[in-house]
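Participant: Okay, handing you the structure first.
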Amino acid sequence: MCIRDRLRAEMRTAWRVLSTHRDLRLVMSAGLVSACGDWILLIGLLYRVYAMTGSTVASALTLLSAGVPQVLLGPVAGVLADRWDRKKAMIYTDGLLAVGLLPLLAVHRPSDLWIVCLVLVWEGAVQQFFTPSQQAMIPRLVADDRLVTANALSGQIGAVARLTGSALGGVLAALGGLSAVTLADAASFAISALLLVPIRADGRPARTVPTGRRLNVLLTDLRAGSRLIAHDRTLRALMLFALATSVGEGVFATLITPFVEHTLHGTSRQFGLFAAAQAVGGIVGGLLAAGASHRMPAARLLGYGALAFGATDLAIFLYPLGYVALWPAVVGMILVGVPGALGAAGMTALLQRGVQDAYRGRLFGTLGAIQGAAVLVGTLAAGWLSRPLGIIPVISIQGAIWLAAGLAALRWLPAADRRTPDRIPSSSVRTPPDPAVSCFPEVS
């Protein structure tokens with residue numbers, strides 16, 4: 001079967017899933033609008049901060065502001081996602097995220113950078129209560145045999161948003177400055193909240209009614225989630241994979257602007273084009289992944305996707321050593337989107353299948369904290385090492401990390417595809433010592 005026919009077949013598969021799952025359509029639509037706004041803000045903000053300061057350290061501090069809350073609040077937000085109505089949590093956080101962006105309208109000069117940092121701290125903190133709720137709820141919207149397809153569609157939505165938002169972010173930043181990108185992102189959150197309201201699926205997590213003092217209950221839930229991960233080999237491997245690759249993502253996010261501007265001599269609009277290019281491959285990769293759940297196990301999607309992602313990234317970062325032009329990087333970013341989409345769908349499905357519903361919020365909350373801490377390490381390292389070592393040697397670390405992580409995933413994760421939450425042994429999590437304050441039953 002040729003690529004065109006394969007893509008048509010996968011498009012039909014994806015459309016069947018969307019057409020028969022109303023709530024999934026609403027979640028995907030809300031995600032598309034919100035993610036478009038996020039990419040508009042991210043691209044516009046990174047460009048404006050670097051344009052105002054001319055400093056990679058300032059870029060690193062900007063990303064650092066958004067990452068700190070993820071580290072501090074991720075596990076706690078995951079616990080609350082296992083208690084709160086997940087649908088309501090997503091709606092309320094959308095509203096708080098929209099309002100929290102408004103102080104960016106007062107940013108006009110380098111001395112206003114503290115406002116940017118403060119807003120990003122707020123946005124990063126509130127976002128921690130949205131993501132675990134969303135990821136934990138998706139398995140309720142589709143059957144297990146469609147879970148990879150649903151996650152691939154979610155990744156594809158992200159790719160479309162990246163394509164649209166990145167291009168618009170560069171244009172809006174050049175034409176309307178930071179105010180334009182701020183208002184666009186705030187509007188996207190408001191629309192997202194309205195799209196989530198009609199969802200019919202029950203957002204309340206499967207759990208027992210907690211008793212005892214709130215602090216004791218919170219600590220017990222945190223311990224139970226930590227024990228689940230610590231005593232499960234597959235979950236440990238997935239967390240280590242996320243830890244390593246997130247260090248690389250921190251390096252990439254910090255240095256991609258100076259890489260395009262100084263190494264490839266690109267303009268702000270070309271930077272938006274460069275950032276959007278990966279989304280083109282992500283759309284194709286999302287279509288392929290949407291129909292791959294019946295042909296390739298999720299662990300192999302993750303492993304092979306990571307290998308191809310790392311190899312392509314290294315090619316993008318190293319070719320300017322012999323030839324300086326923007327177009328090969330744009331082509332490379334299109335190509336790298338395909339394995340990126342395949343790997344992301346496999347990773348999310350493995351995590352969602354790895355635990356029962358009562359623990360999914362804590363799993364994704366812990367994942368967010370691990371990723372946030374790793375991104376901070378990569379961000380700080382890139383900000384300081386790029387000065388003595390140069391941009392190309394440091395940004396190439398990302399590709400090397402993804403190659404190593406892909407090899408490790410193929411070595412340690414294939415057995416995970418034979419597991420389901422109902423088949424996790426009870427030894428994978430210990431019973432909390434005080435059942436009077438335990439919120440959840442023992443995993444069977």
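Each chain in the structure tokens gets a letter, A, B and so on, in the order shown; residues start at 1 in every chain, and ligands are counted from 1 in the order they appear.
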Per residue of range 157-202 of chain A within 9 Å of range 75-88 of chain A, which atom pair is closest and at what distance in Å (one decimal), using only C-alpha atoms, listed by chain and increasing number, as CSV?
Facilitator:
residue,atom,partner,partner_atom,distance
A:Leu196,CA,A:Lys87,CA,7.3
A:Val197,CA,A:Lys87,CA,8.0
A:Ile199,CA,A:Lys87,CA,7.8
A:Ala201,CA,A:Lys87,CA,8.5
A:Asp202,CA,A:Lys87,CA,7.8
Participant: Please identify all polymer residues within 12 Å of range 379-388 of chain A, counting only C-alpha atoms, omitting same-chain residues fewer than 6 positions from it, and present them as an MDAnalysis selection string.
Facilitator: chainID A and resid 55:68 246:259 371:373 394:398
Participant: Looking at A:Ala299, A:Val355, A:Ile283, A:Met239, which one is nearest to Ala374 in chain A, with distances taken over only C-alpha atoms?
Facilitator: A:Met239
Participant: Find the spatial neighbours of range 36-40 of chain A, counting only C-alpha atoms, within a cut-off of 9 Å - ignore same-chain residues fewer than 4 positions away - and output them as a ChimeraX atom specification.
Facilitator: /A:31-32,44-45,158,160-170,172-173,181-189
Participant: Write the residues you've just listed into a file as a PDB file, in the first residue's frame, and include C-alpha atoms for each of them.
Facilitator:
ATOM      1  CA  GLY A  31      -7.725  21.340  22.977  1.00  0.00           C
ATOM      2  CA  LEU A  32      -7.228  22.602  19.431  1.00  0.00           C
ATOM      3  CA  GLY A  44       5.530  35.535  20.295  1.00  0.00           C
ATOM      4  CA  LEU A  45       6.777  35.643  23.879  1.00  0.00           C
ATOM      5  CA  GLY A 158      -1.513  19.517  18.951  1.00  0.00           C
ATOM      6  CA  VAL A 160      -2.386  21.340  13.839  1.00  0.00           C
ATOM      7  CA  ALA A 161      -2.340  23.872  16.666  1.00  0.00           C
ATOM      8  CA  ARG A 162       1.433  24.112  16.458  1.00  0.00           C
ATOM      9  CA  LEU A 163       1.278  24.649  12.704  1.00  0.00           C
ATOM     10  CA  THR A 164      -1.378  27.338  12.960  1.00  0.00           C
ATOM     11  CA  GLY A 165      -0.319  28.933  16.235  1.00  0.00           C
ATOM     12  CA  SER A 166       3.397  29.069  15.468  1.00  0.00           C
ATOM     13  CA  ALA A 167       2.840  30.803  12.159  1.00  0.00           C
ATOM     14  CA  LEU A 168       0.366  33.240  13.692  1.00  0.00           C
ATOM     15  CA  GLY A 169       2.609  33.817  16.704  1.00  0.00           C
ATOM     16  CA  GLY A 170       5.484  35.030  14.567  1.00  0.00           C
ATOM     17  CA  LEU A 172       1.306  38.687  15.478  1.00  0.00           C
ATOM     18  CA  ALA A 173       4.524  39.332  17.400  1.00  0.00           C
ATOM     19  CA  VAL A 181      -0.409  37.423  21.216  1.00  0.00           C
ATOM     20  CA  THR A 182      -1.641  37.858  24.809  1.00  0.00           C
ATOM     21  CA  LEU A 183      -5.208  38.674  23.789  1.00  0.00           C
ATOM     22  CA  ALA A 184      -5.243  35.817  21.279  1.00  0.00           C
ATOM     23  CA  ASP A 185      -4.219  33.287  23.930  1.00  0.00           C
ATOM     24  CA  ALA A 186      -6.714  34.638  26.497  1.00  0.00           C
ATOM     25  CA  ALA A 187      -9.536  34.318  23.944  1.00  0.00           C
ATOM     26  CA  SER A 188      -8.510  30.730  23.197  1.00  0.00           C
ATOM     27  CA  PHE A 189      -8.904  29.744  26.866  1.00  0.00           C
TER      28      PHE A 189
END
Participant: Have a look at A:Ala244, A:Ala329, A:Ile391, A:Leu141 and name the one nearest to Ala404 in chain A; count only C-alpha atoms.
Facilitator: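 Distance minimum relative to Ala404 in chain A lands on A:Ala244.
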Participant: Neighbouring residues of Trp402 in chain A were defined as those with any atom within 9 Å, considering only C-alpha atoms; residues of the same chain fewer than 2 positions away were excluded. Please report them as a list of chain:residue names.
Facilitator: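 Within the cut-off, the hits are A:Phe241, A:Ala244, A:Thr245, A:Gly248, A:Ala306, A:Leu307, A:Ala308, A:Phe309, A:Gly310, A:Ala311, A:Asp313, A:Ile397, A:Gln398, A:Gly399, A:Ala400, A:Ala404, A:Ala405, A:Gly406, A:Leu407.
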Participant: Those selected residues, please, written with N, CA and C atoms and delivered as a compact mmCIF listing (two decimals), in the first residue's frame.
Facilitator:
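selection_24.txt, written as the output of this step:
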# COMPACT_ATOMS: atom_id res chain seq x y z
N PHE A 241 12.35 7.60 31.12
CA PHE A 241 12.32 8.06 29.72
C PHE A 241 11.91 9.53 29.68
N ALA A 244 14.76 11.88 31.08
CA ALA A 244 15.89 12.11 30.18
C ALA A 244 15.50 13.00 28.99
N THR A 245 14.40 12.67 28.34
CA THR A 245 14.02 13.42 27.14
C THR A 245 13.60 14.85 27.48
N GLY A 248 16.46 17.18 27.42
CA GLY A 248 16.71 17.60 26.04
C GLY A 248 15.74 18.65 25.56
N ALA A 306 11.24 7.43 19.15
CA ALA A 306 12.32 8.17 19.81
C ALA A 306 13.62 8.08 19.04
N LEU A 307 13.93 6.90 18.50
CA LEU A 307 15.16 6.74 17.72
C LEU A 307 15.16 7.64 16.49
N ALA A 308 14.07 7.61 15.74
CA ALA A 308 13.99 8.43 14.53
C ALA A 308 13.97 9.91 14.87
N PHE A 309 13.33 10.26 15.97
CA PHE A 309 13.27 11.65 16.40
C PHE A 309 14.68 12.16 16.72
N GLY A 310 15.44 11.38 17.48
CA GLY A 310 16.79 11.80 17.86
C GLY A 310 17.72 11.92 16.66
N ALA A 311 17.65 10.96 15.75
CA ALA A 311 18.52 10.99 14.57
C ALA A 311 18.22 12.20 13.69
N ASP A 313 16.79 15.05 14.66
CA ASP A 313 17.20 16.26 15.37
C ASP A 313 18.70 16.51 15.22
N ILE A 397 22.77 18.13 22.16
CA ILE A 397 22.55 17.19 23.28
C ILE A 397 21.15 16.60 23.21
N GLN A 398 20.18 17.40 22.76
CA GLN A 398 18.81 16.90 22.71
C GLN A 398 18.70 15.66 21.82
N GLY A 399 19.27 15.71 20.62
CA GLY A 399 19.20 14.57 19.72
C GLY A 399 19.86 13.34 20.30
N ALA A 400 21.02 13.51 20.94
CA ALA A 400 21.72 12.38 21.54
C ALA A 400 20.89 11.73 22.65
N ALA A 404 19.44 7.72 22.81
CA ALA A 404 19.68 6.81 23.93
C ALA A 404 18.37 6.36 24.56
N ALA A 405 17.42 7.27 24.70
CA ALA A 405 16.13 6.92 25.30
C ALA A 405 15.36 5.94 24.43
N GLY A 406 15.45 6.08 23.11
CA GLY A 406 14.78 5.15 22.22
C GLY A 406 15.33 3.74 22.34
N LEU A 407 16.64 3.63 22.40
CA LEU A 407 17.26 2.30 22.58
C LEU A 407 16.84 1.68 23.90
Participant: Check the smallest atom-to-atom distance from each of A:Ile229, A:Val142, A:Ala106, A:Leu318 to Arg16 in chain A using only C-alpha atoms, then report the winner.
Facilitator: A:Val142
Participant: How many Å separate CA of Cys117 in chain A from CA of Ala180 in chain A?
Facilitator: 18.2 Å
Participant: How many Å lie between CA of Leu24 in chain A and CA of Leu243 in chain A, rounded to one decimal?
Facilitator: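 Between these atoms lies a distance of 29.0 Å.
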